[in-house]
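Some notes on the structure that comes next.
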Amino acid sequence: MKKITLLLALCISLWGDVLEIKNFESDLFSKNSNELKKIEFSLLFDGRDLKESRHKVIDALNIVISSFYIEDLFTSKGKERFKSVITKYLTKKYAVDIDDIFIQKFKVVDNINVENFIDALKKEGFCKERKNRAIFDDIEIEK
């Protein structure tokens, strides 16, 4: 009996496929402001024939993620809804069979530009302000 169970489990695992999407980035709107926030996440898809469907999965991610606000995706209920919507979309649109989706990483990417960087350095006391110029050691940067 154990051999039959082991053989059955082995056959089922051979049918399954795993697709990893690493460092996927997207811009989402916030409910609190009209700004776009950049997010980055990594997902693991478990299903059948996923190696040939990578482009379909990425397309579905791009379409589905844009229907969410950033705040929704940081709750457990929102993440579960996100996984459910992606699974349904892939099944309906592309006939891609997804058994499970695992979120490996999910974070907001800070929007860093030169002005924000200079302001952060000023707050920490690493540069001195002199009439529309910030001075870093021997380098002057015109604002």
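To be explicit about the labels: the chains of the structure tokens are called A, B, and onward in the order shown, and within each one the residues are counted from 1, while ligands get numbers from 1 in the order they are shown.
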With a distance cut-off of 9 Å and only C-alpha atoms, select the neighbouring residues of range 58-70 of chain A, excluding the residue or stretch itself and same-chain residues fewer than 5 positions from it, and output the selection as a list in words.
Ile21, Phe24, Ser26, Asp27, Leu28, Phe29, Ser30, Lys31, Lys37, Ile39, Ser53, Gly78, Phe82, Val85, Ile86, Tyr89, Leu90, Lys93 and Val108 of chain A
Keeping only C-alpha atoms, take the residues you just selected and write them out as a PDB file, in the first residue's frame.
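Generated file (part-v4.pdb):
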ATOM      1  CA  ILE A  21       8.806  35.062 -11.313  1.00  0.00           C
ATOM      2  CA  PHE A  24       8.549  41.664 -10.873  1.00  0.00           C
ATOM      3  CA  SER A  26       4.848  47.430 -11.210  1.00  0.00           C
ATOM      4  CA  ASP A  27       3.437  50.870 -10.406  1.00  0.00           C
ATOM      5  CA  LEU A  28       0.236  51.077  -8.373  1.00  0.00           C
ATOM      6  CA  PHE A  29      -1.969  53.918  -7.249  1.00  0.00           C
ATOM      7  CA  SER A  30      -2.477  54.640  -3.591  1.00  0.00           C
ATOM      8  CA  LYS A  31      -5.919  55.269  -2.108  1.00  0.00           C
ATOM      9  CA  LYS A  37       4.107  53.768  -5.934  1.00  0.00           C
ATOM     10  CA  ILE A  39       6.247  47.694  -5.868  1.00  0.00           C
ATOM     11  CA  SER A  53       3.321  29.701 -20.277  1.00  0.00           C
ATOM     12  CA  GLY A  78      -5.890  41.485  -0.245  1.00  0.00           C
ATOM     13  CA  PHE A  82      -4.860  38.910  -5.611  1.00  0.00           C
ATOM     14  CA  VAL A  85      -7.947  36.794  -9.283  1.00  0.00           C
ATOM     15  CA  ILE A  86      -4.691  35.837 -11.034  1.00  0.00           C
ATOM     16  CA  TYR A  89      -7.752  35.131 -15.020  1.00  0.00           C
ATOM     17  CA  LEU A  90      -5.103  32.641 -16.182  1.00  0.00           C
ATOM     18  CA  LYS A  93      -8.082  33.800 -20.588  1.00  0.00           C
ATOM     19  CA  VAL A 108       7.385  48.930  -1.881  1.00  0.00           C
TER      20      VAL A 108
END
Selected residue of minimal separation from Arg48 in chain A among A:Lys88, A:Phe106, A:Asp119, A:Asp17, counting only C-alpha atoms
A:Asp17
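Compared by their closest atoms to Phe41 in chain A, and using only C-alpha atoms, the residues A:Lys77, A:Ile103, A:Glu20, A:Ile118 rank with A:Ile103 nearest.
Considering the residues A:Leu36, A:Lys56, A:Glu25, A:Leu43 and counting only C-alpha atoms, Val96 in chain A has its shortest atom-to-atom contact with A:Lys56.
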